[in-house]
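Okay, structure first, notes after.
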Amino acid sequence: MLALLAAVALADLPVHCLRHQVVGEWTFHLSPPSATRSSCGHKRPDIPEQQPELKLDTSTELKVDFREPNVAKVGGGDTGHFSMIYDEGFEFEASGKDFFAFSGFKVIAGKNESHCEETEMGWYATKDRKQFGCFYGTKTPKAGFLRKEEVRTATPDAELLRKAPKSYDTPTTREYHAERVALLNTNAKTWRAKVYDQYVGKSINDLNTRAGIRRERVSPHGHDAKHSLSLLALKDALAKSDEIKKNLPKEFDWRTQKVKAPSGEEIPVLDPVMDQGDCGSCYVVSSMRMLSARHRIKTGEKDPFSISFPLFCSEYNQGCSGGYGVLVARWSEDVGLMPASCGPYTTRGQCANYESQCATSDGTKYRADAHRYVGGYYGNANEGEMMQELHDNGPFVVGVEPKDDFMYYSDGIYQSGSMQHSPDGWQRVDHAVLVTGWGEENGVKYWTIQNSWDNYWGEDGYMRIRRGDNDSGIESIPEAADVVVDETKGARVASFISQI
């Protein structure tokens, strides 16, 4: 028997490291800074199986002590901050520079080994983005590795046995979908499911690809109660959230907002719902929709930013195989943004497709700025701060961990029943969407999200999902960034394209 699996659109590196495994003293080796940013040996986009060798021709050492929950203490006395990037890596600030690297990993005999005591080759930039370099690091003392297997699992569900496809590649029937939907509508109280004609005839693998499904995450060995969120910390977070919410409206949604364009025309803040197709690009779609909307709110400029440019060119993510919104924003801060007219969306592109004139076209150039997790660092978000960010700055990206019923959502306020928190603030999420608003209906609070599965899905491409209980992990990884004028007038984009 097969059912839709939990999606993993956001995570496609074979690594799983948590904050308590990163906390401690590290020694980092830095290449000399350069005015030209490089890929540091990574492919564009990054390919997990082709990580660069940890070797620099010349390097300097930097010692940093990471302390709970987000302090980076540099040898010599300076203090900065660090944050996990989900379970894939970490970023930190030290000595006037911003650093990011994936945690170390290896695939041996088909099994993944997470080497949380070291990094892959990473990138650093001065805060003004005028100097760039590469680095790698090792934790002292060395910690043991974690082993994680790539496996597929299925949830037993006796009601579906009769109509389940025989294999992942067998086309699904209408009867299979209809029986699944009937079961969901029997149990759901605040929302409804429906059969989508577009899903009938597609195999489980086809549907999994659309949702970004890749593999099952296995929890690390050695978890114990001392790493769990304390009740006191949770109480303080709830109190802080409640205080913020007192000054915000009961309902708010950017879908109803318009801004005045330079021509005087009133235009919607949000871009229309789109279909990401058979590419695990949800994290880039939602990120660029966020940046385009926030830029429109500030300037009234109608044209959106290119999704394909970071999707197929960023070394910080894995293209159609997955990635993270906060790294899309970081890359767009380090390199720059490109108009969508220069890089229209496609699921079959490659970085070499971009022509140099796209970087040198007339007009003001822009880049992302202040990429961040709402709450200051990964694992520290709360409902009130998310509402404040949304109200003050515009839509932002969240990750969700959808159960198999997520794809059948039709209307109403979705509730999955999955609301738990995990150690170190980590919680599995596998699909990225854009938060556009909030509200309340019949006493049930909800977020409004824009999905990227076309407007036939859900409520014209949108979903309302329970708010305040971290349903499906929606309040565990809110990612935001701003848009500013590129002070280099597109020089970094032009430099990047010249290296392709």
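Every chain in the structure tokens takes a letter, A first, then B, and so on in the order presented; its residues are numbered from 1, and the ligands are numbered from 1 following the presented order.
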
10 Å contact set for Phe406 (chain A), only C-alpha atoms, chain neighbours under 2 positions out, as an mmCIF file with C-alpha atoms, in the first residue's frame:
data_model
loop_
_atom_site.group_PDB
_atom_site.id
_atom_site.type_symbol
_atom_site.label_atom_id
_atom_site.label_comp_id
_atom_site.auth_asym_id
_atom_site.auth_seq_id
_atom_site.Cartn_x
_atom_site.Cartn_y
_atom_site.Cartn_z
ATOM 1 C CA LEU A 4 1.585 10.310 -0.474
ATOM 2 C CA ALA A 6 5.781 13.645 3.722
ATOM 3 C CA ALA A 193 -10.754 18.023 0.590
ATOM 4 C CA ALA A 211 5.402 18.275 -3.648
ATOM 5 C CA GLU A 401 5.476 19.861 6.897
ATOM 6 C CA PRO A 402 2.369 18.790 4.970
ATOM 7 C CA LYS A 403 0.737 15.479 5.637
ATOM 8 C CA ASP A 404 -0.545 13.555 2.636
ATOM 9 C CA TYR A 408 -6.292 17.487 -1.426
ATOM 10 C CA TYR A 409 -7.158 20.733 0.404
ATOM 11 C CA SER A 410 -10.174 22.494 -1.132
ATOM 12 C CA TYR A 414 -6.779 23.427 7.383
ATOM 13 C CA GLN A 415 -5.707 21.607 10.547
ATOM 14 C CA SER A 416 -3.285 18.718 10.418
ATOM 15 C CA GLY A 458 -7.400 25.258 -2.674
ATOM 16 C CA MET A 463 -4.953 28.092 1.834
ATOM 17 C CA SER A 472 2.400 21.660 10.199
#

Might you pull out every residue within 7 Å of region 358-374 of chain A, with only C-alpha atoms counted and same-chain residues fewer than 2 positions away left off, and present them as a PyMOL selection string? chain A and resi 326+329-330+332-333+336-337+342+355-356+376-378+381+385-386+477-486+489-490+493-494

Find the distance between CA of Arg294 (chain A) and CA of Thr126 (chain A) and write it in Å to one decimal.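 CA of Thr126 (chain A) lies 24.8 Å from CA of Arg294 (chain A).
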
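Separating CA of Thr138 (chain A) from CA of Met121 (chain A) is a distance of 11.1 Å.
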
Quick one: residues within 12 Å of Gln276 (chain A), only C-alpha atoms counted, chain neighbours fewer than 2 positions away excluded, as a CSV table (one decimal) with C-alpha atoms, in the first residue's frame?
chain,number,residue,atom,x,y,z
A,9,ALA,CA,11.1,20.1,-1.0
A,209,THR,CA,8.0,15.3,-7.3
A,210,ARG,CA,5.4,18.1,-7.4
A,211,ALA,CA,5.4,18.3,-3.6
A,212,GLY,CA,9.2,18.1,-3.5
A,273,VAL,CA,-0.6,32.4,-8.1
A,274,MET,CA,1.7,30.3,-10.3
A,278,ASP,CA,7.6,19.3,-11.8
A,279,CYS,CA,10.5,21.2,-10.1
A,280,GLY,CA,11.1,21.4,-6.4
A,281,SER,CA,11.4,25.2,-6.6
A,282,CYS,CA,8.8,26.1,-4.0
A,283,TYR,CA,11.5,27.7,-1.8
A,284,VAL,CA,12.7,30.0,-4.6
A,285,VAL,CA,9.2,30.8,-5.9
A,286,SER,CA,8.0,31.9,-2.4
A,307,ILE,CA,12.8,33.1,-10.0
A,308,SER,CA,15.0,31.2,-12.5
A,311,LEU,CA,17.0,28.7,-9.0
A,320,CYS,CA,15.0,21.8,-8.6
A,345,TYR,CA,10.5,30.8,-15.1
A,346,THR,CA,11.2,27.4,-16.4
A,347,THR,CA,11.6,23.9,-14.9
A,348,ARG,CA,14.3,22.9,-17.4
A,431,HIS,CA,7.5,22.7,1.5
A,432,ALA,CA,7.7,26.5,1.2
A,433,VAL,CA,4.8,28.9,0.8
A,451,ASN,CA,0.9,28.2,-2.6
A,452,SER,CA,2.6,27.5,-6.0
A,453,TRP,CA,0.4,24.7,-7.3
A,454,ASP,CA,-1.7,26.8,-9.7
A,455,ASN,CA,-5.0,28.6,-8.9
A,461,GLY,CA,-4.4,28.9,-5.1

Quick check for you: according to DSSP on this backbone, which residues of region 283-422 of chain A are classed as helix (DSSP H, G or I)? Reply as a ChimeraX atom specification. /A:283-299,308-313,319-321,325-334,351-353,357-360,383-393,406-408

Using only C-alpha atoms, please write the residues we just selected to a file, as a short mmCIF file (atom, residue, chain, number, x, y, z; two decimals), in the first residue's frame.
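Okay, this is what ended up in again_33.cif:
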data_model
loop_
_atom_site.label_atom_id
_atom_site.label_comp_id
_atom_site.auth_asym_id
_atom_site.auth_seq_id
_atom_site.Cartn_x
_atom_site.Cartn_y
_atom_site.Cartn_z
CA TYR A 283 11.55 27.71 -1.82
CA VAL A 284 12.70 30.02 -4.65
CA VAL A 285 9.17 30.80 -5.87
CA SER A 286 8.04 31.91 -2.42
CA SER A 287 11.28 33.82 -1.77
CA MET A 288 11.19 35.81 -4.99
CA ARG A 289 7.45 36.43 -4.58
CA MET A 290 8.28 37.84 -1.14
CA LEU A 291 11.03 40.11 -2.49
CA SER A 292 8.91 41.25 -5.44
CA ALA A 293 5.95 42.09 -3.18
CA ARG A 294 8.09 43.95 -0.66
CA HIS A 295 9.78 45.91 -3.43
CA ARG A 296 6.36 46.78 -4.89
CA ILE A 297 5.13 48.00 -1.51
CA LYS A 298 8.11 50.38 -1.24
CA THR A 299 8.40 51.61 -4.82
CA SER A 308 15.01 31.16 -12.49
CA PHE A 309 18.15 33.23 -11.87
CA PRO A 310 18.71 32.04 -8.27
CA LEU A 311 17.04 28.69 -8.95
CA PHE A 312 19.62 27.62 -11.53
CA CYS A 313 22.60 29.78 -10.50
CA GLY A 319 18.09 23.94 -7.82
CA CYS A 320 15.02 21.81 -8.56
CA SER A 321 16.21 19.37 -5.89
CA GLY A 325 14.40 30.66 1.35
CA VAL A 326 16.85 32.32 3.71
CA LEU A 327 19.73 31.13 1.49
CA VAL A 328 17.97 32.37 -1.65
CA ALA A 329 17.79 35.76 0.05
CA ARG A 330 21.43 35.59 1.18
CA TRP A 331 22.59 34.76 -2.36
CA SER A 332 20.44 37.60 -3.74
CA GLU A 333 22.15 39.86 -1.19
CA ASP A 334 25.64 38.67 -2.18
CA CYS A 351 22.64 28.90 -15.36
CA ALA A 352 24.44 29.15 -18.71
CA ASN A 353 21.19 30.25 -20.38
CA GLN A 357 22.84 41.93 -21.49
CA CYS A 358 20.43 40.97 -18.70
CA ALA A 359 22.97 42.23 -16.19
CA THR A 360 23.80 45.41 -18.10
CA GLU A 383 3.13 34.13 16.26
CA GLY A 384 3.22 37.78 17.36
CA GLU A 385 6.59 38.57 15.77
CA MET A 386 5.45 36.90 12.56
CA MET A 387 2.30 39.05 12.49
CA GLN A 388 4.36 42.19 13.15
CA GLU A 389 6.80 41.32 10.35
CA LEU A 390 3.95 40.65 7.94
CA HIS A 391 2.09 43.85 8.83
CA ASP A 392 5.11 46.16 8.76
CA ASN A 393 7.23 44.78 5.92
CA PHE A 406 -2.37 18.67 2.19
CA MET A 407 -2.54 18.19 -1.59
CA TYR A 408 -6.29 17.49 -1.43
#

Might you pull out every residue within 8 Å of Gly122 (chain A), with only C-alpha atoms counted and same-chain residues fewer than 3 positions away left off, and present them as a PyMOL selection string? chain A and resi 40+99-102+119+134-136

Could you list, as a ChimeraX atom specification, every residue within 9 Å of Thr60 (chain A), counting only C-alpha atoms and ignoring same-chain residues fewer than 4 positions away? /A:28-32

Expected file: the selected residues, C-alpha atoms, as a PDB file, in the first residue's frame:
ATOM      1  CA  PHE A  28      37.970  28.334  10.661  1.00  0.00           C
ATOM      2  CA  HIS A  29      40.407  28.655   7.754  1.00  0.00           C
ATOM      3  CA  LEU A  30      39.786  31.695   5.536  1.00  0.00           C
ATOM      4  CA  SER A  31      41.058  32.443   2.039  1.00  0.00           C
ATOM      5  CA  PRO A  32      42.338  35.983   1.392  1.00  0.00           C
TER       6      PRO A  32
END
